[in-house]
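Asker: Following this line is entry.cif, made up of mmCIF, C-alpha atoms and all ligand atoms:
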```
data_entry
loop_
_atom_site.group_PDB
_atom_site.id
_atom_site.type_symbol
_atom_site.label_atom_id
_atom_site.label_comp_id
_atom_site.auth_asym_id
_atom_site.auth_seq_id
_atom_site.Cartn_x
_atom_site.Cartn_y
_atom_site.Cartn_z
ATOM 1 C CA MET U 290 -68.123 -56.331 40.708
ATOM 2 C CA GLU U 291 -69.803 -54.923 37.621
ATOM 3 C CA SER U 292 -70.759 -51.711 39.398
ATOM 4 C CA LYS U 293 -67.166 -51.342 40.555
ATOM 5 C CA LYS U 294 -66.006 -51.526 36.940
ATOM 6 C CA ILE U 295 -68.630 -48.990 35.878
ATOM 7 C CA VAL U 296 -67.615 -46.560 38.625
ATOM 8 C CA SER U 297 -63.959 -47.041 37.711
ATOM 9 C CA CYS U 298 -64.820 -46.467 34.094
ATOM 10 C CA LEU U 299 -66.682 -43.263 34.938
ATOM 11 C CA VAL U 300 -63.776 -42.073 37.061
ATOM 12 C CA ALA U 301 -61.346 -42.919 34.276
ATOM 13 C CA THR U 302 -63.534 -41.211 31.684
ATOM 14 C CA PHE U 303 -63.733 -38.114 33.843
ATOM 15 C CA ALA U 304 -59.961 -38.181 34.274
ATOM 16 C CA ALA U 305 -59.472 -38.662 30.540
ATOM 17 C CA SER U 306 -61.769 -35.725 29.825
ATOM 18 C CA LEU U 307 -59.610 -33.573 32.088
ATOM 19 C CA TRP U 308 -56.564 -34.662 30.164
ATOM 20 C CA GLY U 309 -57.911 -34.648 26.656
ATOM 21 C CA ALA U 310 -57.904 -37.566 24.242
ATOM 22 C CA ASN U 311 -54.808 -39.751 24.102
ATOM 23 C CA ALA U 312 -53.165 -38.074 27.072
ATOM 24 C CA GLN U 313 -51.159 -40.351 29.355
ATOM 25 C CA ALA U 314 -53.090 -40.844 32.585
ATOM 26 C CA GLY U 315 -51.438 -39.821 35.808
ATOM 27 C CA TYR U 316 -50.505 -42.503 38.322
ATOM 28 C CA THR U 317 -53.694 -42.526 40.351
ATOM 29 C CA GLU U 318 -55.917 -42.449 37.253
ATOM 30 C CA ALA U 319 -53.965 -45.326 35.693
ATOM 31 C CA VAL U 320 -54.355 -47.409 38.862
ATOM 32 C CA ILE U 321 -58.082 -46.687 39.238
ATOM 33 C CA ASN U 322 -58.629 -47.461 35.541
ATOM 34 C CA ASP U 323 -57.434 -51.027 36.191
ATOM 35 C CA SER U 324 -60.096 -51.532 38.918
ATOM 36 C CA PRO U 325 -58.137 -52.608 41.988
ATOM 37 C CA ILE U 326 -60.072 -54.328 44.781
ATOM 38 C CA ALA U 327 -58.574 -51.748 47.107
ATOM 39 C CA TYR U 328 -56.183 -48.823 46.786
ATOM 40 C CA TRP U 329 -54.748 -47.266 49.937
ATOM 41 C CA ARG U 330 -53.165 -43.914 49.102
ATOM 42 C CA LEU U 331 -51.972 -43.545 52.726
ATOM 43 C CA GLY U 332 -52.344 -39.776 52.404
ATOM 44 C CA GLU U 333 -54.212 -39.160 55.662
ATOM 45 C CA SER U 334 -52.996 -36.284 57.806
ATOM 46 C CA VAL U 335 -54.130 -37.675 61.171
ATOM 47 C CA ASN U 336 -53.386 -41.276 62.058
ATOM 48 C CA THR U 337 -56.544 -41.684 64.112
ATOM 49 C CA ASP U 338 -58.421 -41.377 60.793
ATOM 50 C CA PRO U 339 -58.932 -44.553 58.758
ATOM 51 C CA ALA U 340 -56.502 -45.388 55.964
ATOM 52 C CA VAL U 341 -59.130 -44.908 53.302
ATOM 53 C CA ASN U 342 -59.656 -47.359 50.449
ATOM 54 C CA ALA U 343 -59.794 -44.970 47.484
ATOM 55 C CA MET U 344 -61.979 -47.455 45.563
ATOM 56 C CA GLY U 345 -64.854 -46.699 47.921
ATOM 57 C CA ASN U 346 -65.497 -49.958 49.812
ATOM 58 C CA ALA U 347 -65.112 -48.660 53.369
ATOM 59 C CA ALA U 348 -65.067 -52.227 54.722
ATOM 60 C CA LEU U 349 -61.494 -52.308 53.429
ATOM 61 C CA ASN U 350 -60.380 -49.100 55.136
ATOM 62 C CA GLY U 351 -57.277 -49.655 57.266
ATOM 63 C CA VAL U 352 -56.314 -48.687 60.811
ATOM 64 C CA TYR U 353 -53.002 -46.930 61.494
ATOM 65 C CA THR U 354 -51.514 -48.805 64.422
ATOM 66 C CA ASN U 355 -48.743 -48.058 66.961
ATOM 67 C CA GLY U 356 -47.960 -44.591 65.620
ATOM 68 C CA ALA U 357 -47.440 -45.133 61.898
ATOM 69 C CA ALA U 358 -46.276 -41.702 60.717
ATOM 70 C CA VAL U 359 -48.834 -40.165 58.396
ATOM 71 C CA GLY U 360 -47.831 -37.064 56.455
ATOM 72 C CA SER U 361 -44.460 -38.376 55.285
ATOM 73 C CA GLY U 362 -43.330 -37.209 51.833
ATOM 74 C CA GLY U 363 -45.134 -39.216 49.153
ATOM 75 C CA ALA U 364 -43.852 -41.136 46.143
ATOM 76 C CA LEU U 365 -45.672 -38.930 43.634
ATOM 77 C CA GLY U 366 -44.534 -35.597 45.026
ATOM 78 C CA GLY U 367 -42.368 -34.510 42.110
ATOM 79 C CA PHE U 368 -45.205 -33.861 39.658
ATOM 80 C CA GLY U 369 -47.868 -31.946 41.511
ATOM 81 C CA ASP U 370 -49.438 -34.779 43.523
ATOM 82 C CA SER U 371 -48.906 -33.741 47.120
ATOM 83 C CA ASP U 372 -50.585 -36.855 48.563
ATOM 84 C CA THR U 373 -48.433 -38.081 51.425
ATOM 85 C CA ALA U 374 -47.185 -41.509 52.496
ATOM 86 C CA ALA U 375 -47.032 -43.476 55.734
ATOM 87 C CA GLY U 376 -43.756 -43.867 57.589
ATOM 88 C CA PHE U 377 -42.971 -47.056 59.553
ATOM 89 C CA ASP U 378 -40.555 -47.110 62.475
ATOM 90 C CA ALA U 379 -38.946 -50.585 62.101
ATOM 91 C CA ASN U 380 -40.315 -51.328 65.579
ATOM 92 C CA ASP U 381 -44.080 -51.831 65.715
ATOM 93 C CA ASP U 382 -45.945 -49.660 63.162
ATOM 94 C CA PHE U 383 -48.427 -51.083 60.684
ATOM 95 C CA VAL U 384 -51.759 -50.494 58.990
ATOM 96 C CA ALA U 385 -54.331 -53.251 59.588
ATOM 97 C CA VAL U 386 -57.167 -54.040 57.180
ATOM 98 C CA THR U 387 -59.815 -56.489 58.377
ATOM 99 C CA ASP U 388 -60.713 -59.343 56.022
ATOM 100 C CA PRO U 389 -64.511 -59.082 55.606
ATOM 101 C CA GLY U 390 -64.838 -62.878 55.964
ATOM 102 C CA THR U 391 -64.849 -66.225 54.213
ATOM 103 C CA GLY U 392 -64.711 -65.920 50.436
ATOM 104 C CA SER U 393 -64.113 -62.160 50.632
ATOM 105 C CA VAL U 394 -62.487 -60.056 47.942
ATOM 106 C CA LEU U 395 -59.187 -60.416 49.823
ATOM 107 C CA ASP U 396 -59.299 -64.226 49.474
ATOM 108 C CA PHE U 397 -57.635 -65.976 46.523
ATOM 109 C CA GLY U 398 -57.818 -69.627 45.511
ATOM 110 C CA ASN U 399 -55.954 -71.847 43.107
ATOM 111 C CA GLY U 400 -56.036 -70.454 39.570
ATOM 112 C CA ASP U 401 -56.932 -66.942 40.726
ATOM 113 C CA GLY U 402 -54.859 -64.048 39.410
ATOM 114 C CA ILE U 403 -53.511 -61.403 41.762
ATOM 115 C CA THR U 404 -51.458 -58.233 41.452
ATOM 116 C CA LEU U 405 -49.885 -56.420 44.395
ATOM 117 C CA GLU U 406 -48.398 -52.998 43.792
ATOM 118 C CA THR U 407 -46.778 -50.390 46.026
ATOM 119 C CA TRP U 408 -44.140 -47.716 46.296
ATOM 120 C CA VAL U 409 -41.477 -48.054 48.977
ATOM 121 C CA LEU U 410 -38.704 -45.902 50.346
ATOM 122 C CA ALA U 411 -36.516 -48.232 52.389
ATOM 123 C CA GLY U 412 -34.473 -46.935 55.266
ATOM 124 C CA ASN U 413 -31.278 -48.645 56.318
ATOM 125 C CA ILE U 414 -33.141 -51.242 58.419
ATOM 126 C CA PRO U 415 -36.239 -51.974 56.368
ATOM 127 C CA SER U 416 -36.966 -55.591 57.506
ATOM 128 C CA GLY U 417 -38.558 -57.848 54.914
ATOM 129 C CA HIS U 418 -42.266 -57.123 55.188
ATOM 130 C CA VAL U 419 -44.061 -54.588 52.975
ATOM 131 C CA VAL U 420 -47.674 -55.753 52.455
ATOM 132 C CA GLY U 421 -49.399 -59.084 52.889
ATOM 133 C CA LYS U 422 -52.387 -60.997 54.216
ATOM 134 C CA GLY U 423 -52.153 -63.311 57.204
ATOM 135 C CA ARG U 424 -49.201 -64.304 59.387
ATOM 136 C CA VAL U 425 -49.980 -61.408 61.703
ATOM 137 C CA GLY U 426 -49.418 -63.318 64.962
ATOM 138 C CA ALA U 427 -45.925 -63.978 66.297
ATOM 139 C CA SER U 428 -46.066 -67.699 65.513
ATOM 140 C CA ASP U 429 -48.532 -67.663 62.609
ATOM 141 C CA THR U 430 -47.679 -69.358 59.318
ATOM 142 C CA ASP U 431 -50.916 -68.545 57.451
ATOM 143 C CA LEU U 432 -49.507 -66.148 54.854
ATOM 144 C CA SER U 433 -51.935 -65.960 51.927
ATOM 145 C CA TYR U 434 -49.713 -63.587 49.913
ATOM 146 C CA ALA U 435 -47.116 -60.890 50.499
ATOM 147 C CA ILE U 436 -44.681 -58.510 48.904
ATOM 148 C CA ARG U 437 -41.443 -58.591 50.871
ATOM 149 C CA THR U 438 -37.880 -57.507 50.355
ATOM 150 C CA GLY U 439 -34.676 -59.436 50.849
ATOM 151 C CA SER U 440 -31.103 -58.275 51.392
ATOM 152 C CA GLY U 441 -29.045 -57.868 48.236
ATOM 153 C CA THR U 442 -25.395 -56.980 47.722
ATOM 154 C CA THR U 443 -25.916 -53.280 48.317
ATOM 155 C CA GLY U 444 -29.660 -52.821 47.882
ATOM 156 C CA LEU U 445 -32.797 -54.929 48.283
ATOM 157 C CA LYS U 446 -34.343 -57.748 46.285
ATOM 158 C CA LEU U 447 -38.076 -57.953 45.598
ATOM 159 C CA GLU U 448 -39.860 -61.022 46.980
ATOM 160 C CA PHE U 449 -43.302 -62.633 46.765
ATOM 161 C CA MET U 450 -44.247 -65.217 49.398
ATOM 162 C CA TYR U 451 -47.229 -67.379 50.303
ATOM 163 C CA ARG U 452 -48.134 -70.450 52.361
ATOM 164 C CA ASN U 453 -49.742 -73.449 50.714
ATOM 165 C CA ALA U 454 -53.311 -74.564 51.418
ATOM 166 C CA ALA U 455 -52.062 -77.623 53.324
ATOM 167 C CA ASP U 456 -50.204 -75.199 55.646
ATOM 168 C CA ASN U 457 -46.988 -77.198 55.505
ATOM 169 C CA ALA U 458 -44.777 -75.243 53.083
ATOM 170 C CA PHE U 459 -43.881 -71.664 52.134
ATOM 171 C CA HIS U 460 -43.322 -70.617 48.553
ATOM 172 C CA LEU U 461 -40.875 -67.739 48.132
ATOM 173 C CA TRP U 462 -39.861 -66.029 44.879
ATOM 174 C CA ARG U 463 -36.870 -63.646 44.916
ATOM 175 C CA SER U 464 -35.644 -61.264 42.219
ATOM 176 C CA ASP U 465 -32.154 -61.276 40.768
ATOM 177 C CA THR U 466 -32.349 -57.493 40.395
ATOM 178 C CA GLU U 467 -31.878 -55.157 43.359
ATOM 179 C CA PHE U 468 -33.253 -51.708 44.058
ATOM 180 C CA THR U 469 -31.647 -49.009 46.153
ATOM 181 C CA LYS U 470 -32.488 -47.960 49.680
ATOM 182 C CA LEU U 471 -33.168 -44.318 50.615
ATOM 183 C CA ALA U 472 -35.111 -43.584 47.413
ATOM 184 C CA TYR U 473 -38.641 -44.316 46.240
ATOM 185 C CA HIS U 474 -39.177 -47.342 43.987
ATOM 186 C CA HIS U 475 -42.321 -48.763 42.428
ATOM 187 C CA LEU U 476 -42.738 -52.507 43.075
ATOM 188 C CA ALA U 477 -45.304 -54.838 41.519
ATOM 189 C CA ILE U 478 -45.925 -58.587 41.427
ATOM 190 C CA SER U 479 -48.534 -60.431 39.389
ATOM 191 C CA PHE U 480 -49.207 -64.132 39.783
ATOM 192 C CA THR U 481 -51.758 -66.821 39.045
ATOM 193 C CA PHE U 482 -51.888 -69.002 42.164
ATOM 194 C CA GLY U 483 -50.736 -72.559 41.574
ATOM 195 C CA THR U 484 -48.693 -71.810 38.443
ATOM 196 C CA GLY U 485 -45.176 -70.893 39.499
ATOM 197 C CA SER U 486 -44.112 -69.949 35.978
ATOM 198 C CA SER U 487 -46.797 -67.230 35.853
ATOM 199 C CA LEU U 488 -45.044 -64.985 38.348
ATOM 200 C CA ALA U 489 -44.090 -61.606 36.860
ATOM 201 C CA ALA U 490 -42.254 -58.956 38.859
ATOM 202 C CA TYR U 491 -41.445 -55.329 38.186
ATOM 203 C CA ILE U 492 -39.188 -52.683 39.661
ATOM 204 C CA ASP U 493 -39.896 -49.130 38.470
ATOM 205 C CA GLY U 494 -42.072 -50.422 35.640
ATOM 206 C CA ALA U 495 -39.472 -52.798 34.197
ATOM 207 C CA ALA U 496 -39.963 -56.589 34.201
ATOM 208 C CA ILE U 497 -37.214 -58.312 36.172
ATOM 209 C CA THR U 498 -35.973 -61.887 36.489
ATOM 210 C CA GLY U 499 -35.837 -64.086 39.556
ATOM 211 C CA SER U 500 -36.645 -67.567 40.787
ATOM 212 C CA TRP U 501 -38.514 -69.582 43.398
ATOM 213 C CA VAL U 502 -36.002 -70.042 46.216
ATOM 214 C CA LEU U 503 -38.488 -71.923 48.440
ATOM 215 C CA GLY U 504 -41.067 -74.211 46.860
ATOM 216 C CA SER U 505 -42.231 -73.866 43.277
ATOM 217 C CA GLY U 506 -45.295 -71.631 43.274
ATOM 218 C CA ASN U 507 -47.299 -74.635 42.050
ATOM 219 C CA ASP U 508 -49.323 -75.191 45.257
ATOM 220 C CA ALA U 509 -52.724 -73.739 46.042
ATOM 221 C CA PRO U 510 -52.598 -70.839 48.571
ATOM 222 C CA ILE U 511 -53.937 -70.904 52.114
ATOM 223 C CA GLN U 512 -57.166 -68.937 52.688
ATOM 224 C CA THR U 513 -58.140 -67.484 56.061
ATOM 225 C CA ASN U 514 -59.968 -64.548 57.624
ATOM 226 C CA ALA U 515 -56.733 -63.034 58.952
ATOM 227 C CA ASN U 516 -55.961 -59.340 58.468
ATOM 228 C CA PHE U 517 -54.193 -57.711 55.542
ATOM 229 C CA TRP U 518 -51.269 -55.720 56.962
ATOM 230 C CA ILE U 519 -49.221 -52.901 55.476
ATOM 231 C CA GLY U 520 -45.773 -52.445 57.020
ATOM 232 C CA SER U 521 -45.366 -55.472 59.252
ATOM 233 C CA ALA U 522 -46.023 -59.176 59.906
ATOM 234 C CA VAL U 523 -45.312 -61.970 62.389
ATOM 235 C CA GLY U 524 -46.342 -60.120 65.513
ATOM 236 C CA GLY U 525 -45.205 -56.689 64.419
ATOM 237 C CA GLY U 526 -41.924 -56.272 66.288
ATOM 238 C CA PHE U 527 -38.390 -55.193 65.501
ATOM 239 C CA GLY U 528 -37.058 -57.259 62.622
ATOM 240 C CA THR U 529 -40.504 -57.825 61.139
ATOM 241 C CA THR U 530 -41.623 -54.202 60.720
ATOM 242 C CA TRP U 531 -40.737 -51.974 57.794
ATOM 243 C CA GLY U 532 -38.377 -49.069 58.426
ATOM 244 C CA GLY U 533 -39.063 -46.356 55.878
ATOM 245 C CA ARG U 534 -42.068 -45.243 53.873
ATOM 246 C CA ILE U 535 -44.792 -47.120 52.022
ATOM 247 C CA ASP U 536 -47.186 -45.401 49.634
ATOM 248 C CA GLU U 537 -50.025 -46.059 47.176
ATOM 249 C CA VAL U 538 -50.707 -49.743 47.963
ATOM 250 C CA ALA U 539 -53.048 -51.506 45.521
ATOM 251 C CA ILE U 540 -54.358 -55.060 45.195
ATOM 252 C CA TYR U 541 -56.115 -56.451 42.095
ATOM 253 C CA ASP U 542 -58.028 -59.687 41.478
ATOM 254 C CA GLU U 543 -56.254 -60.290 38.175
ATOM 255 C CA ALA U 544 -52.710 -60.548 36.885
ATOM 256 C CA LEU U 545 -52.064 -57.166 35.280
ATOM 257 C CA THR U 546 -49.972 -57.145 32.101
ATOM 258 C CA PRO U 547 -46.473 -55.686 31.650
ATOM 259 C CA THR U 548 -48.084 -52.822 29.705
ATOM 260 C CA ASP U 549 -50.491 -52.105 32.576
ATOM 261 C CA ILE U 550 -47.629 -51.929 35.076
ATOM 262 C CA LEU U 551 -45.507 -49.744 32.808
ATOM 263 C CA ASN U 552 -48.466 -47.398 32.279
ATOM 264 C CA HIS U 553 -48.845 -47.025 36.023
ATOM 265 C CA TYR U 554 -45.162 -46.309 36.538
ATOM 266 C CA THR U 555 -44.845 -43.804 33.714
ATOM 267 C CA GLY U 556 -48.036 -42.146 34.966
ATOM 268 C CA ALA U 557 -46.107 -41.114 38.064
ATOM 269 C CA SER U 558 -44.108 -38.611 36.010
ATOM 270 C CA VAL U 559 -47.175 -37.038 34.393
ATOM 271 C CA PRO U 560 -48.124 -33.737 36.049
ATOM 272 C CA GLU U 561 -51.413 -33.934 37.939
ATOM 273 C CA PRO U 562 -54.299 -31.788 36.669
ATOM 274 C CA ALA U 563 -53.840 -29.331 39.538
ATOM 275 C CA ALA U 564 -50.212 -28.859 38.552
ATOM 276 C CA LEU U 565 -51.182 -28.467 34.895
ATOM 277 C CA GLY U 566 -53.729 -25.835 35.902
ATOM 278 C CA LEU U 567 -51.068 -23.914 37.777
ATOM 279 C CA LEU U 568 -48.736 -24.246 34.810
ATOM 280 C CA ALA U 569 -51.398 -22.928 32.441
ATOM 281 C CA CYS U 570 -52.172 -20.129 34.886
ATOM 282 C CA GLY U 571 -48.488 -19.307 35.065
ATOM 283 C CA LEU U 572 -48.332 -19.021 31.302
ATOM 284 C CA ILE U 573 -51.038 -16.354 31.321
ATOM 285 C CA GLY U 574 -49.649 -14.612 34.338
ATOM 286 C CA CYS U 575 -52.172 -15.528 36.990
ATOM 287 C CA ALA U 576 -50.253 -18.063 39.071
ATOM 288 C CA SER U 577 -49.441 -15.555 41.755
ATOM 289 C CA ARG U 578 -53.137 -14.814 42.275
ATOM 290 C CA ARG U 579 -54.299 -18.441 42.538
ATOM 291 C CA ARG U 580 -54.472 -20.435 45.725
ATOM 292 C CA ARG U 581 -54.403 -24.208 45.649
ATOM 293 C CA ALA U 582 -57.430 -25.887 47.140
HETATM 294 CA CA CA R 601 -49.951 -41.387 49.012
HETATM 295 CA CA CA R 602 -44.470 -47.041 66.750
HETATM 296 CA CA CA R 603 -61.288 -64.563 54.253
#
```
Here is the file; what I need is its structure written in the form of structure tokens.

Answerer:
Amino acid sequence: MESKKIVSCLVATFAASLWGANAQAGYTEAVINDSPIAYWRLGESVNTDPAVNAMGNAALNGVYTNGAAVGSGGALGGFGDSDTAAGFDANDDFVAVTDPGTGSVLDFGNGDGITLETWVLAGNIPSGHVVGKGRVGASDTDLSYAIRTGSGTTGLKLEFMYRNAADNAFHLWRSDTEFTKLAYHHLAISFTFGTGSSLAAYIDGAAITGSWVLGSGNDAPIQTNANFWIGSAVGGGFGTTWGGRIDEVAIYDEALTPTDILNHYTGASVPEPAALGLLACGLIGCASRRRRA
């Protein structure tokens, strides 16, 4: 854990040195600086390649399954970050990440903080499942944690759901606020398991209100060795698979603060170093002679 922090710190320091003192970090730098357990950028160009964990622990690389569409336009594309996203077909696509085992970094117990963060572009039939651990079989109930969406008046509501340790009740939190389909939005949930009042949720960097509509959030969570899935759940069929894009999924073993989440979101509109380089080149008249790596 300590070495992970040191590596993250070195990466962040390197990024900061590229930017100069006091510069706002770009999205990816801001995420890495907060030391996620895993960060799937979903920018692969071939879906037989692993969905790489950008934090380096290859045991948490994912597997694109049933034709998940790599190379879809990414959430960060407007500011020089050309990293792509994965598209999901609302039928059977998902990315599977194997839980390394009992007591792994993907397991959370009572009193443990968690943050789940992702960008989504919902199609017209998105289903409810975005990212989560467990409940991958058609009749499974063992959902350790998940970001989901629920139908709103015109858009979608943000949800967080988990199963209790006794495996006899779901806990489901739903936002009052909706976000629109057919456009990218940044979603984040932080929570300390077992304390319902600790749940904090964010759409596009802004804290939003909501309530527990099933249970209270006061139970301990179930822990298993089931997979973490991006894009689907409950057997992975129509109605349980995301339709649209998912990008830049991160999971943390702490409840990030509102300032952390806002820094990530605002980082998305900071030009990436490559774009800044091109801009600087353009200013001195060399842009037309430079090729991007
Ligand atoms: Ca990406
Ligand atoms: Ca498919
Ligand atoms: Ca486990």

Asker: Exactly which residues make up the result of the PyMOL selection byres (((chain U and resi 355) around 7) and not hetatm) on this file, given as a PDB file with C-alpha atoms, in the frame of the given file?

Answerer:
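Once everything was written out, this is selection30.pdb:
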```pdb
ATOM      1  CA  THR U 354     -51.514 -48.805  64.422  1.00  0.00           C
ATOM      2  CA  GLY U 356     -47.960 -44.591  65.620  1.00  0.00           C
ATOM      3  CA  ALA U 357     -47.440 -45.133  61.898  1.00  0.00           C
ATOM      4  CA  ASP U 381     -44.080 -51.831  65.715  1.00  0.00           C
ATOM      5  CA  ASP U 382     -45.945 -49.660  63.162  1.00  0.00           C
ATOM      6  CA  PHE U 383     -48.427 -51.083  60.684  1.00  0.00           C
TER       7      PHE U 383
END
```

Asker: Expressed in Å to a single decimal, how great is the separation between atom CA of Asn336 of chain U and atom CA of Ser433 of chain U?

Answerer: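 Going from atom CA of Asn336 of chain U over to atom CA of Ser433 of chain U covers 26.7 Å.
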
Asker: Given the file shown, determine the residues that the PyMOL selection byres (((chain U and resi 386) around 9) and not hetatm) selects; report them as a ChimeraX atom specification.

Answerer: /U:340,348-352,384-385,387-388,422,516-519

Asker: Within 7 Å of (-32.7, -47.4, 48.1), all atoms listed in the file: residues as a VMD selection string?

Answerer: chain U and resid 410 to 411 444 468 to 473

Asker: Between U:Met450, U:Leu476, U:Ile497, U:Ala435, which is the closest to His553 of chain U once you count all atoms listed in the file?

Answerer: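 Distance minimum relative to His553 of chain U lands on U:Leu476.
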
Asker: For Ile414 of chain U, find every residue with an atom within 10 Å (counting all atoms listed in the file), except residues of its own chain fewer than 6 positions away, and show them as a PyMOL selection string.

Answerer: chain U and resi 378-379+470+527-528+530-533

Asker: Measuring between only C-alpha atoms, which one of U:Leu331, U:Ala319, U:Ala544, U:Ile511 shows the shortest distance to Gly423 of chain U?

Answerer: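 Closest to Gly423 of chain U of all the choices is U:Ile511.
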
Asker: Each residue of chain U lying at most 8 Å from ligand CA 603 (chain R) should get a row with its shortest atom-to-atom pair and the distance in Å to one decimal, counting only C-alpha atoms and all ligand atoms; could you produce that, ordered by chain and increasing number, as a Markdown table?

Answerer:
```
| residue | atom | partner | partner_atom | distance |
| --- | --- | --- | --- | --- |
| U:Asp388 | CA | R:CA603 | CA | 5.5 |
| U:Pro389 | CA | R:CA603 | CA | 6.5 |
| U:Gly390 | CA | R:CA603 | CA | 4.3 |
| U:Thr391 | CA | R:CA603 | CA | 3.9 |
| U:Gly392 | CA | R:CA603 | CA | 5.3 |
| U:Ser393 | CA | R:CA603 | CA | 5.2 |
| U:Val394 | CA | R:CA603 | CA | 7.8 |
| U:Leu395 | CA | R:CA603 | CA | 6.4 |
| U:Asp396 | CA | R:CA603 | CA | 5.2 |
| U:Gln512 | CA | R:CA603 | CA | 6.2 |
| U:Thr513 | CA | R:CA603 | CA | 4.7 |
| U:Asn514 | CA | R:CA603 | CA | 3.6 |
| U:Ala515 | CA | R:CA603 | CA | 6.7 |
```

Asker: For the atom pair atom CA of Tyr434 of chain U and atom CA of Trp501 of chain U, what is the interatomic distance in Å to one decimal place?

Answerer: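 Answer for the atom CA of Tyr434 of chain U to atom CA of Trp501 of chain U separation: 14.3 Å.
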
Asker: Taking the file as shown, find all residues satisfying the PyMOL selection byres (((chain U and resi 367-373) around 6) and not hetatm) and write them as a list in words.

Answerer: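 For this structure, the PyMOL selection byres (((chain U and resi 367-373) around 6) and not hetatm) resolves to Gly332, Gly360, Ser361, Gly362, Gly363, Leu365, Gly366, Ala374, Pro560, Glu561 and Ala564 of chain U.
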
Asker: I need the residues from that last selection saved to file as a tab-separated table (two decimals), keeping the file's coordinate frame (with C-alpha atoms), if you can.

Answerer:
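To be explicit, this is the file written out as part-v9.tsv:
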```tsv
chain	number	residue	atom	x	y	z
U	332	GLY	CA	-52.34	-39.78	52.40
U	360	GLY	CA	-47.83	-37.06	56.46
U	361	SER	CA	-44.46	-38.38	55.28
U	362	GLY	CA	-43.33	-37.21	51.83
U	363	GLY	CA	-45.13	-39.22	49.15
U	365	LEU	CA	-45.67	-38.93	43.63
U	366	GLY	CA	-44.53	-35.60	45.03
U	374	ALA	CA	-47.18	-41.51	52.50
U	560	PRO	CA	-48.12	-33.74	36.05
U	561	GLU	CA	-51.41	-33.93	37.94
U	564	ALA	CA	-50.21	-28.86	38.55
```

Asker: Between U:Glu448, U:Glu318, U:Glu543, U:Asp536, single out the one closest to ligand CA 601 (chain R), counting only C-alpha atoms and all ligand atoms.

Answerer: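 Comparing U:Glu448, U:Glu318, U:Glu543, U:Asp536 against ligand CA 601 (chain R), the winner is U:Asp536.
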
Asker: Identify, on the basis of all atoms listed in the file, every residue whose closest approach to Gly506 of chain U does not exceed 8 Å; exclude the query and any residue fewer than 4 positions from it along the same chain; express the result as a PDB file with C-alpha atoms, keeping the file's coordinate frame.

Answerer:
```pdb
ATOM      1  CA  HIS U 460     -43.322 -70.617  48.553  1.00  0.00           C
ATOM      2  CA  LEU U 461     -40.875 -67.739  48.132  1.00  0.00           C
ATOM      3  CA  TRP U 462     -39.861 -66.029  44.879  1.00  0.00           C
ATOM      4  CA  PHE U 482     -51.888 -69.002  42.164  1.00  0.00           C
ATOM      5  CA  GLY U 483     -50.736 -72.559  41.574  1.00  0.00           C
ATOM      6  CA  THR U 484     -48.693 -71.810  38.443  1.00  0.00           C
ATOM      7  CA  GLY U 485     -45.176 -70.893  39.499  1.00  0.00           C
ATOM      8  CA  SER U 486     -44.112 -69.949  35.978  1.00  0.00           C
ATOM      9  CA  TRP U 501     -38.514 -69.582  43.398  1.00  0.00           C
TER      10      TRP U 501
END
```

Asker: In Å, how far is it from atom CA of Pro547 of chain U to atom CA of Leu405 of chain U?

Answerer: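 A separation of 13.2 Å between them.
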
Asker: List as a list in words the residues having at least one atom at most 10 Å from position (-27.7, -60.2, 47.1) as given in the file, counting all atoms listed in the file.

Answerer: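 Every residue inside that radius is included here: Gly439, Ser440, Gly441, Thr442, Thr443, Gly444, Leu445, Lys446, Ser464, Asp465, Thr466 and Glu467 of chain U.
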
Asker: Using only C-alpha atoms, determine which residues lie at most 7 Å from segment 424-428 of chain U, disregarding the query and same-chain residues fewer than 2 positions distant; provide the list as number ranges by chain.

Answerer: U: 422, 430-432, 522-524

Asker: I'd like to know which of U:Leu447, U:Ala364, U:Val335, U:Ile326 is closest to ligand CA 601 (chain R), using only C-alpha atoms and all ligand atoms.

Answerer: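 Distance minimum relative to ligand CA 601 (chain R) lands on U:Ala364.
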
Asker: Go through U:Ala314, U:Ala358, U:Thr498, U:Asn322 and flag the residue nearest ligand CA 602 (chain R), using only C-alpha atoms and all ligand atoms for the distances.

Answerer: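 Looking at the shortest contact to ligand CA 602 (chain R), the residue is U:Ala358.
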